[in-house]
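File shown: query_25.cif (mmCIF, C-alpha atoms).
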```cif
data_coords
loop_
_atom_site.label_atom_id
_atom_site.label_comp_id
_atom_site.auth_asym_id
_atom_site.auth_seq_id
_atom_site.Cartn_x
_atom_site.Cartn_y
_atom_site.Cartn_z
CA MET A 5 0.15 -10.84 19.67
CA LYS A 6 3.51 -11.31 17.93
CA ILE A 7 3.43 -9.52 14.58
CA ALA A 8 6.18 -9.30 11.96
CA MET A 9 6.21 -6.35 9.57
CA ILE A 10 7.93 -7.67 6.44
CA GLY A 11 9.16 -4.54 4.74
CA SER A 12 9.63 -1.79 7.32
CA GLY A 13 10.31 1.21 5.16
CA ALA A 14 8.12 4.31 5.30
CA ALA A 15 4.68 2.69 5.18
CA GLY A 16 5.70 -0.46 7.06
CA SER A 17 7.22 1.61 9.87
CA VAL A 18 4.13 3.80 10.15
CA PHE A 19 1.80 0.80 10.29
CA ALA A 20 4.08 -0.89 12.82
CA ALA A 21 4.10 2.25 14.97
CA TYR A 22 0.31 2.30 15.20
CA LEU A 23 0.27 -1.41 16.07
CA ARG A 24 2.97 -0.96 18.72
CA LYS A 25 0.98 1.88 20.28
CA GLY A 26 -1.99 -0.50 20.26
CA GLY A 27 -0.12 -3.08 22.29
CA ALA A 28 1.30 -5.49 19.70
CA GLU A 29 4.68 -7.17 20.11
CA MET A 30 6.29 -5.91 16.92
CA TYR A 31 9.12 -7.41 14.89
CA LEU A 32 10.44 -5.23 12.07
CA VAL A 33 12.14 -6.96 9.14
CA ASP A 34 13.99 -4.91 6.56
CA ARG A 35 17.38 -4.83 4.83
CA TYR A 36 17.78 -1.10 5.45
CA LYS A 37 20.42 -1.69 8.11
CA ALA A 38 20.82 1.88 9.31
CA HIS A 39 17.07 2.13 9.95
CA MET A 40 16.90 -1.20 11.76
CA ASP A 41 19.99 -0.44 13.85
CA LYS A 42 18.68 2.99 14.86
CA ILE A 43 15.33 1.56 16.01
CA ALA A 44 17.07 -1.26 17.91
CA ALA A 45 19.35 1.19 19.70
CA ASP A 46 17.11 4.20 20.31
CA GLY A 47 13.53 3.34 19.33
CA LEU A 48 11.33 4.66 16.51
CA THR A 49 10.46 8.35 16.31
CA PHE A 50 6.85 8.51 15.15
CA VAL A 51 5.54 11.75 13.69
CA THR A 52 1.80 12.34 13.21
CA PRO A 53 -0.37 15.45 12.90
CA SER A 54 -0.66 15.27 16.71
CA GLY A 55 3.07 15.61 17.26
CA GLU A 56 6.19 13.51 17.70
CA GLU A 57 6.81 10.62 20.09
CA LEU A 58 9.46 7.97 20.67
CA LEU A 59 8.27 4.36 20.58
CA THR A 60 10.39 1.54 21.96
CA GLY A 61 10.11 -2.22 22.38
CA PHE A 62 10.63 -3.25 18.74
CA THR A 63 12.72 -6.24 17.68
CA THR A 64 14.51 -5.64 14.38
CA ALA A 65 16.07 -8.03 11.88
CA ALA A 66 17.31 -8.21 8.32
CA THR A 67 15.50 -11.46 7.49
CA ALA A 68 12.55 -13.50 8.72
CA ALA A 69 14.90 -16.30 9.71
CA GLU A 70 16.04 -14.25 12.72
CA ILE A 71 12.73 -13.62 14.53
CA GLY A 72 11.10 -16.96 15.37
CA LYS A 73 7.49 -18.00 14.86
CA MET A 74 4.88 -15.26 14.53
CA ASP A 75 1.14 -15.10 15.17
CA MET A 76 0.76 -12.76 12.23
CA VAL A 77 2.92 -11.65 9.31
CA ILE A 78 2.12 -8.38 7.54
CA LEU A 79 3.53 -7.84 4.06
CA MET A 80 4.62 -4.31 3.26
CA VAL A 81 7.24 -5.09 0.62
CA LYS A 82 6.33 -3.89 -2.84
CA ALA A 83 3.65 -6.13 -4.32
CA THR A 84 5.99 -6.97 -7.20
CA GLN A 85 8.29 -8.66 -4.65
CA THR A 86 5.69 -10.92 -3.00
CA GLU A 87 6.43 -13.99 -5.11
CA ASP A 88 10.12 -13.78 -4.21
CA ILE A 89 9.65 -12.96 -0.52
CA MET A 90 7.03 -15.57 0.44
CA PRO A 91 9.37 -18.62 0.30
CA THR A 92 11.79 -16.82 2.65
CA LEU A 93 9.15 -16.41 5.36
CA ALA A 94 8.89 -20.11 6.25
CA PRO A 95 11.16 -19.79 9.34
CA CYS A 96 8.76 -17.33 10.99
CA MET A 97 5.50 -19.07 10.07
CA SER A 98 3.60 -21.95 11.61
CA ASP A 99 0.46 -23.70 10.39
CA SER A 100 -1.63 -21.12 12.24
CA THR A 101 0.23 -17.92 11.26
CA VAL A 102 -2.06 -15.41 9.58
CA VAL A 103 -0.65 -13.52 6.58
CA VAL A 104 -1.85 -9.98 5.89
CA SER A 105 -1.26 -7.97 2.72
CA LEU A 106 -1.61 -4.22 3.15
CA GLN A 107 0.20 -3.64 -0.13
CA ASN A 108 -0.78 -1.45 -3.04
CA GLY A 109 -2.46 -2.87 -6.09
CA LEU A 110 -4.82 -5.60 -7.22
CA GLY A 111 -4.40 -9.36 -7.00
CA ASN A 112 -2.31 -9.55 -3.81
CA ASP A 113 -4.80 -11.99 -2.29
CA GLU A 114 -4.52 -14.26 -5.32
CA VAL A 115 -0.72 -14.38 -5.08
CA LEU A 116 -0.79 -15.24 -1.38
CA GLN A 117 -3.11 -18.19 -1.97
CA LYS A 118 -0.25 -19.92 -3.78
CA TYR A 119 1.55 -20.13 -0.43
CA VAL A 120 -1.04 -19.95 2.37
CA SER A 121 -4.53 -21.40 2.77
CA ALA A 122 -7.31 -18.90 2.10
CA ASP A 123 -8.63 -19.05 5.68
CA ARG A 124 -5.33 -17.57 6.92
CA ILE A 125 -5.19 -14.55 4.59
CA LEU A 126 -6.34 -11.00 5.26
CA TYR A 127 -5.85 -8.18 2.76
CA GLY A 128 -6.59 -4.49 2.46
CA PHE A 129 -4.87 -1.13 2.58
CA GLY A 130 -4.19 2.07 4.46
CA THR A 131 -5.07 5.53 3.18
CA ILE A 132 -2.04 7.20 4.71
CA GLY A 133 0.74 9.28 3.24
CA THR A 134 4.05 8.09 4.69
CA GLU A 135 7.64 9.29 4.71
CA LEU A 136 10.95 8.03 6.09
CA PRO A 137 13.06 11.19 6.33
CA GLU A 138 15.95 9.52 8.16
CA PRO A 139 16.83 6.22 9.85
CA GLY A 140 14.69 5.63 12.93
CA LYS A 141 12.06 8.23 12.04
CA CYS A 142 8.78 7.80 10.17
CA VAL A 143 6.00 10.26 9.35
CA SER A 144 2.28 9.51 9.07
CA LYS A 145 0.05 11.82 7.02
CA PRO A 146 -3.39 10.26 7.48
CA GLU A 147 -6.67 11.37 6.03
CA SER A 148 -9.63 12.07 8.29
CA GLY A 149 -12.03 9.25 9.12
CA VAL A 150 -11.29 5.58 8.46
CA ILE A 151 -7.71 5.19 7.24
CA MET A 152 -7.24 1.41 7.39
CA ARG A 153 -9.51 -1.23 5.88
CA PHE A 154 -9.00 -4.94 5.40
CA GLY A 155 -11.00 -8.14 5.15
CA ALA A 156 -10.67 -11.90 4.86
CA VAL A 157 -10.20 -13.93 1.70
CA GLU A 158 -12.30 -16.69 3.24
CA LYS A 159 -14.74 -16.01 6.05
CA CYS A 160 -14.41 -18.45 8.91
CA GLU A 161 -13.91 -18.45 12.67
CA ALA A 162 -10.11 -18.20 12.40
CA SER A 163 -10.08 -15.31 9.92
CA GLU A 164 -12.78 -13.49 11.88
CA LYS A 165 -10.77 -13.79 15.10
CA ALA A 166 -7.55 -12.59 13.45
CA GLY A 167 -9.28 -9.73 11.66
CA LYS A 168 -11.00 -8.45 14.79
CA ALA A 169 -7.74 -8.67 16.76
CA LEU A 170 -5.84 -6.65 14.13
CA GLU A 171 -8.68 -4.14 13.92
CA LYS A 172 -8.52 -3.58 17.69
CA LEU A 173 -4.74 -3.15 17.71
CA PHE A 174 -4.85 -0.50 15.00
CA ASN A 175 -7.75 1.35 16.63
CA ASP A 176 -6.13 1.22 20.07
CA GLY A 177 -3.00 2.68 18.48
CA GLY A 178 -4.86 5.66 17.06
CA CYS A 179 -5.36 4.42 13.49
CA GLU A 180 -9.08 4.35 12.71
CA THR A 181 -9.66 0.92 11.18
CA VAL A 182 -12.52 -1.26 9.95
CA PHE A 183 -12.50 -5.01 9.38
CA GLU A 184 -14.86 -5.19 6.40
CA GLU A 185 -17.36 -7.92 5.57
CA ASP A 186 -16.50 -7.52 1.86
CA ILE A 187 -13.22 -5.75 1.24
CA ARG A 188 -13.22 -6.12 -2.57
CA PRO A 189 -14.98 -2.84 -3.51
CA PHE A 190 -12.72 -0.91 -1.15
CA VAL A 191 -9.56 -2.51 -2.60
CA TRP A 192 -10.71 -1.67 -6.12
CA LYS A 193 -11.56 1.89 -5.14
CA LYS A 194 -8.14 2.40 -3.55
CA ALA A 195 -6.34 0.85 -6.54
CA ILE A 196 -8.29 2.98 -9.01
CA SER A 197 -7.61 6.15 -7.03
CA ASN A 198 -3.92 5.27 -6.72
CA SER A 199 -3.69 4.52 -10.44
CA GLY A 200 -4.73 8.09 -11.17
CA TYR A 201 -2.80 10.44 -8.92
CA ASN A 202 0.11 8.14 -8.03
CA THR A 203 0.99 7.14 -11.58
CA LEU A 204 0.49 10.62 -13.00
CA SER A 205 2.66 12.14 -10.28
CA ALA A 206 5.46 9.82 -11.40
CA LEU A 207 4.97 10.61 -15.08
CA LEU A 208 4.43 14.35 -14.76
CA ARG A 209 7.05 14.81 -12.02
CA LEU A 210 4.56 16.85 -10.00
CA LYS A 211 3.20 16.79 -6.48
CA VAL A 212 -0.46 15.78 -6.36
CA GLY A 213 -1.72 19.32 -5.77
CA PHE A 214 -0.22 20.67 -8.99
CA ILE A 215 -1.90 17.89 -10.98
CA LEU A 216 -5.24 18.71 -9.38
CA ASP A 217 -4.76 22.42 -10.14
CA SER A 218 -4.45 21.61 -13.83
CA ASP A 219 -7.54 21.02 -16.00
CA GLU A 220 -5.49 18.62 -18.10
CA GLY A 221 -4.25 16.79 -15.01
CA CYS A 222 -7.76 16.37 -13.62
CA GLU A 223 -9.01 15.12 -16.98
CA LEU A 224 -6.25 12.51 -17.13
CA ILE A 225 -7.09 11.30 -13.63
CA LYS A 226 -10.79 11.04 -14.51
CA ARG A 227 -10.07 9.03 -17.66
CA ILE A 228 -7.93 6.56 -15.72
CA TRP A 229 -10.58 6.32 -13.02
CA SER A 230 -13.45 5.92 -15.50
CA GLU A 231 -11.75 2.93 -17.12
CA GLY A 232 -10.97 1.48 -13.70
CA CYS A 233 -14.59 1.81 -12.58
CA ASP A 234 -15.81 0.07 -15.73
CA VAL A 235 -13.47 -2.83 -15.04
CA ALA A 236 -14.34 -2.95 -11.33
CA GLN A 237 -18.05 -3.13 -12.15
CA ALA A 238 -17.40 -6.02 -14.53
CA VAL A 239 -15.38 -7.86 -11.85
CA THR A 240 -17.34 -7.10 -8.66
CA GLY A 241 -20.73 -5.92 -9.87
CA VAL A 242 -20.33 -2.67 -7.91
CA ASP A 243 -20.52 0.79 -9.52
CA LEU A 244 -17.71 2.79 -7.93
CA TRP A 245 -17.99 5.94 -10.05
CA PRO A 246 -20.24 7.84 -7.59
CA ASP A 247 -17.55 7.30 -4.91
CA MET A 248 -14.73 8.29 -7.26
CA GLU A 249 -16.41 11.61 -8.02
CA LEU A 250 -15.79 12.51 -4.37
CA GLU A 251 -12.09 11.65 -4.56
CA LEU A 252 -10.68 14.85 -6.09
CA PRO A 253 -11.50 17.15 -3.13
CA ARG A 254 -10.32 14.41 -0.75
CA LEU A 255 -6.99 14.21 -2.54
CA LYS A 256 -6.69 17.98 -2.59
CA GLU A 257 -7.17 18.10 1.16
CA GLY A 258 -4.93 15.20 2.12
CA PHE A 259 -2.22 14.78 -0.51
CA ALA A 260 -1.67 18.10 -2.32
CA ASP A 261 1.86 18.69 -0.96
CA TYR A 262 3.03 15.12 -1.47
CA TYR A 263 4.98 12.95 -3.89
CA PRO A 264 3.23 9.54 -3.60
CA SER A 265 5.06 6.24 -3.63
CA MET A 266 5.41 5.74 -7.38
CA ALA A 267 6.73 9.27 -7.82
CA GLN A 268 9.25 8.58 -5.05
CA ASP A 269 10.29 5.38 -6.84
CA VAL A 270 10.74 7.10 -10.20
CA LEU A 271 12.04 10.53 -9.24
CA MET A 272 14.08 9.93 -6.09
CA HIS A 273 15.12 6.29 -5.94
CA HIS A 274 15.19 5.14 -9.60
CA ARG A 275 13.70 1.76 -8.79
CA GLN A 276 10.96 -0.53 -10.05
CA THR A 277 7.40 0.59 -9.35
CA GLU A 278 4.07 -1.11 -8.73
CA VAL A 279 2.48 0.17 -11.94
CA LYS A 280 1.79 -3.38 -13.16
CA LEU A 281 -0.25 -4.02 -10.02
CA LEU A 282 -2.19 -0.77 -10.47
CA ASN A 283 -2.83 0.52 -14.00
CA GLY A 284 -1.41 -2.68 -15.46
CA ALA A 285 -3.74 -4.83 -13.37
CA ILE A 286 -6.75 -2.71 -14.37
CA ALA A 287 -5.78 -3.27 -18.01
CA ASP A 288 -5.23 -7.00 -17.47
CA TYR A 289 -8.61 -7.46 -15.78
CA GLY A 290 -10.11 -5.34 -18.55
CA ARG A 291 -8.84 -7.72 -21.20
CA LEU A 292 -10.13 -10.67 -19.18
CA TYR A 293 -13.61 -9.15 -18.86
CA GLY A 294 -13.81 -7.48 -22.28
CA VAL A 295 -13.45 -3.85 -21.10
CA ASP A 296 -11.25 -1.44 -23.08
CA THR A 297 -8.61 0.45 -21.07
CA PRO A 298 -6.50 2.49 -23.52
CA VAL A 299 -5.36 5.16 -21.04
CA ASN A 300 -4.33 2.65 -18.37
CA ASP A 301 -2.50 0.63 -21.03
CA ALA A 302 -0.65 3.74 -22.19
CA VAL A 303 0.49 4.97 -18.77
CA THR A 304 1.59 1.44 -17.83
CA LEU A 305 3.80 1.33 -20.91
CA MET A 306 5.18 4.82 -20.22
CA VAL A 307 6.17 4.04 -16.63
CA GLY A 308 7.66 0.76 -17.82
CA ALA A 309 9.79 2.57 -20.38
CA ILE A 310 11.03 4.99 -17.71
CA GLN A 311 11.95 2.13 -15.38
CA GLU A 312 14.08 0.54 -18.08
CA ASN A 313 15.95 3.75 -18.83
CA TYR A 314 16.90 5.51 -15.61
CA GLU A 315 20.54 5.59 -16.66
CA ASN A 316 19.68 7.00 -20.07
CA GLN A 317 17.46 9.89 -19.03
CA TYR A 318 18.34 13.52 -19.65
CA LYS A 319 20.43 15.02 -16.87
CA ASN A 320 20.84 18.73 -16.23
#
```

Write out the structure in this file as structure tokens.
Amino acid sequence: MKIAMIGSGAAGSVFAAYLRKGGAEMYLVDRYKAHMDKIAADGLTFVTPSGEELLTGFTTAATAAEIGKMDMVILMVKATQTEDIMPTLAPCMSDSTVVVSLQNGLGNDEVLQKYVSADRILYGFGTIGTELPEPGKCVSKPESGVIMRFGAVEKCEASEKAGKALEKLFNDGGCETVFEEDIRPFVWKKAISNSGYNTLSALLRLKVGFILDSDEGCELIKRIWSEGCDVAQAVTGVDLWPDMELELPRLKEGFADYYPSMAQDVLMHHRQTEVKLLNGAIADYGRLYGVDTPVNDAVTLMVGAIQENYENQYKN
């Protein structure tokens, strides 16, 4: 299967590495030239808890126009960039190409339906910490158990075939994966979890473990999660709070010594974040369904204010 990874930074490279190990013909698309050039010349160094290995056989490119038609296109650009990136993917897509969003946040499936028929869309997420310490090298920090879940927007023979094929490639590559019958509760759970620790890490400038060691930090996470669960129940009919109560020890075990993606955006790279697709989306759905979300509204505004003022922040 010919698969293009659109956005091959830290997470995209990790996902592509698992798929390559599973036997996929992988095409990496990213404008980070040094990273693409290093992989093209020497391969991709893939670091997991099991050790380090060199993977070869990737085709790299700066744009989708350079890679030809794909069987599957996986989006790993920031969800805020999807609207801009989709029109540029036409050169690598045919009428049968399946599009997969493994991006953070809520509503990615709805955006894709503006460009691709519902029977050709899969969406979900990976529960994996990722890093890109240098060009040509990516690090996977997976949790135990299932670490990749996705499902189809519209169940049909074509989406079932594509979903099962992608599930097998990930599993064969060492990434425990499930193609879910109904992915919605899992996407909401991941987005709610992310909206707590990820956003607070960016705001508090702390690794996840320090937030969890603080009574105040834990209380903030729980308030964000509680609002998210109320909204999710209004949208999906599923009560996620019993699952969320199990999240704090899971985060402590898997992500304590880690700056998650939004913290990396704010603290290290000074770039736009996905807060509007996380806390902001929870708040937007809350307004739509009549659920109050004051904490999610507040943290969305705070991250937004930071994003607009990187150049004006206090410097030592």

Next on the checklist: Which residues, named as in the file, does the PyMOL selection byres ((chain A and resi 107-116) around 10) pick out? Answer as JSON, numbers by chain.
Outcome noted: {"A": [15, 16, 78, 79, 80, 81, 82, 83, 84, 86, 87, 90, 103, 104, 105, 106, 117, 118, 119, 120, 121, 122, 124, 125, 126, 127, 128, 129, 130, 156, 157, 188, 191, 192, 194, 195, 196, 198, 199, 265, 278, 279, 280, 281, 282, 283, 284, 285, 286, 289]}

Item to check | Which of A:Leu23, A:Ile89, A:Glu135, A:Val303 sits closest to Met152 of chain A [using only C-alpha atoms] | outcome: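 Among A:Leu23, A:Ile89, A:Glu135, A:Val303, it is A:Leu23 that comes nearest to Met152 of chain A.
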
Next on the checklist: Running the PyMOL selection byres ((chain A and resi 95) around 12) on this model by hand, what would come out? Give it as a PyMOL selection string.
Outcome noted: chain A and resi 8+67-74+77+90-94+96-99+101

Next on the checklist: Please report the interatomic distance between atom CA of Lys25 of chain A and atom CA of Phe259 of chain A in Å with one decimal.
Outcome noted: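 Between these atoms lies a distance of 24.7 Å.
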
Checklist entry - Counting all atoms listed in the file, which of A:Ser100, A:Ala66, A:Glu315, A:Asp217 gets nearest to Arg35 of chain A? => result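 Of A:Ser100, A:Ala66, A:Glu315, A:Asp217, the one nearest Arg35 of chain A, counting all atoms listed in the file, is A:Ala66.
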
Item to check | Residue among A:Ala236, A:Val212, A:Leu48, A:Val18 lying closest to Glu257 of chain A, counting all atoms listed in the file | outcome: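 Checking each of A:Ala236, A:Val212, A:Leu48, A:Val18 against Glu257 of chain A, counting all atoms listed in the file, the winner is A:Val212.
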
Next on the checklist: So, with only C-alpha atoms as the atoms that count, which of A:Cys233, A:Leu224, A:Met272, A:Ala162 lies closest to Phe190 of chain A?
Outcome noted: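 Of A:Cys233, A:Leu224, A:Met272, A:Ala162, the one nearest Phe190 of chain A, counting only C-alpha atoms, is A:Cys233.
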
Checklist entry - Hey, what's within 12 Å of Glu164 of chain A if we count all atoms listed in the file and toss same-chain stuff fewer than 2 positions away? As a PyMOL selection string, please? => result chain A and resi 102+123-126+154-162+166-171+183-185

Skipping near chain neighbours, those fewer than 2 positions away, what residues fall within 8 Å of segment 290-294 of chain A using all atoms listed in the file, listed as a CSV table (one decimal) with C-alpha atoms, in the coordinates of the input?
```csv
chain,number,residue,atom,x,y,z
A,235,VAL,CA,-13.5,-2.8,-15.0
A,238,ALA,CA,-17.4,-6.0,-14.5
A,239,VAL,CA,-15.4,-7.9,-11.8
A,286,ILE,CA,-6.8,-2.7,-14.4
A,287,ALA,CA,-5.8,-3.3,-18.0
A,288,ASP,CA,-5.2,-7.0,-17.5
A,296,ASP,CA,-11.2,-1.4,-23.1
A,297,THR,CA,-8.6,0.4,-21.1
```

Checklist outcome for this item: Nearest to Leu208 of chain A, restricted to all atoms listed in the file and choosing among A:Leu32, A:Lys165, A:Lys256, A:Ala267, comes out as A:Ala267

Next on the checklist: Can you tell me which residues surround Val270 of chain A at a distance of at most 8 Å, considering only C-alpha atoms, apart from same-chain residues fewer than 5 positions away, and format the answer as a VMD selection string?
Outcome noted: chain A and resid 206 275 to 277 310 to 311

Create the file for the chosen residues now, containing C-alpha atoms and written as a PDB file, keeping the file's coordinate frame.
```pdb
ATOM      1  CA  ALA A 206       5.460   9.820 -11.400  1.00  0.00           C
ATOM      2  CA  ARG A 275      13.700   1.760  -8.790  1.00  0.00           C
ATOM      3  CA  GLN A 276      10.960  -0.530 -10.050  1.00  0.00           C
ATOM      4  CA  THR A 277       7.400   0.590  -9.350  1.00  0.00           C
ATOM      5  CA  ILE A 310      11.030   4.990 -17.710  1.00  0.00           C
ATOM      6  CA  GLN A 311      11.950   2.130 -15.380  1.00  0.00           C
TER       7      GLN A 311
END
```

List, as an mmCIF file with C-alpha atoms, keeping the file's coordinate frame, every residue that the PyMOL selection byres ((chain A and resi 7) around 7) selects in the file provided.
```cif
data_model
loop_
_atom_site.group_PDB
_atom_site.id
_atom_site.type_symbol
_atom_site.label_atom_id
_atom_site.label_comp_id
_atom_site.auth_asym_id
_atom_site.auth_seq_id
_atom_site.Cartn_x
_atom_site.Cartn_y
_atom_site.Cartn_z
ATOM 1 C CA MET A 5 0.150 -10.840 19.670
ATOM 2 C CA LYS A 6 3.510 -11.310 17.930
ATOM 3 C CA ALA A 8 6.180 -9.300 11.960
ATOM 4 C CA MET A 9 6.210 -6.350 9.570
ATOM 5 C CA ALA A 28 1.300 -5.490 19.700
ATOM 6 C CA GLU A 29 4.680 -7.170 20.110
ATOM 7 C CA MET A 30 6.290 -5.910 16.920
ATOM 8 C CA TYR A 31 9.120 -7.410 14.890
ATOM 9 C CA MET A 74 4.880 -15.260 14.530
ATOM 10 C CA ASP A 75 1.140 -15.100 15.170
ATOM 11 C CA MET A 76 0.760 -12.760 12.230
ATOM 12 C CA VAL A 77 2.920 -11.650 9.310
#
```

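Atom CA of Ile215 of chain A to atom CA of Ala302 of chain A spans 18.1 Å [interatomic distance, one decimal].
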
Checklist entry - Expressed in Å to a single decimal, how great is the separation between atom CA of Ser205 of chain A and atom CA of Gly308 of chain A? => result 14.5 Å

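Nearest to Gly177 of chain A of all the residues A:Ala260, A:Phe62, A:Ala21, A:Gly13 is A:Ala21, counting only C-alpha atoms.
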
Item to check | Who sits within 12 Å of segment 218-222 of chain A, all atoms listed in the file, same chain under 6 positions skipped, as an MDAnalysis selection string | outcome: chainID A and resid 200:205 207:212 228:229 249 251:253 255:256
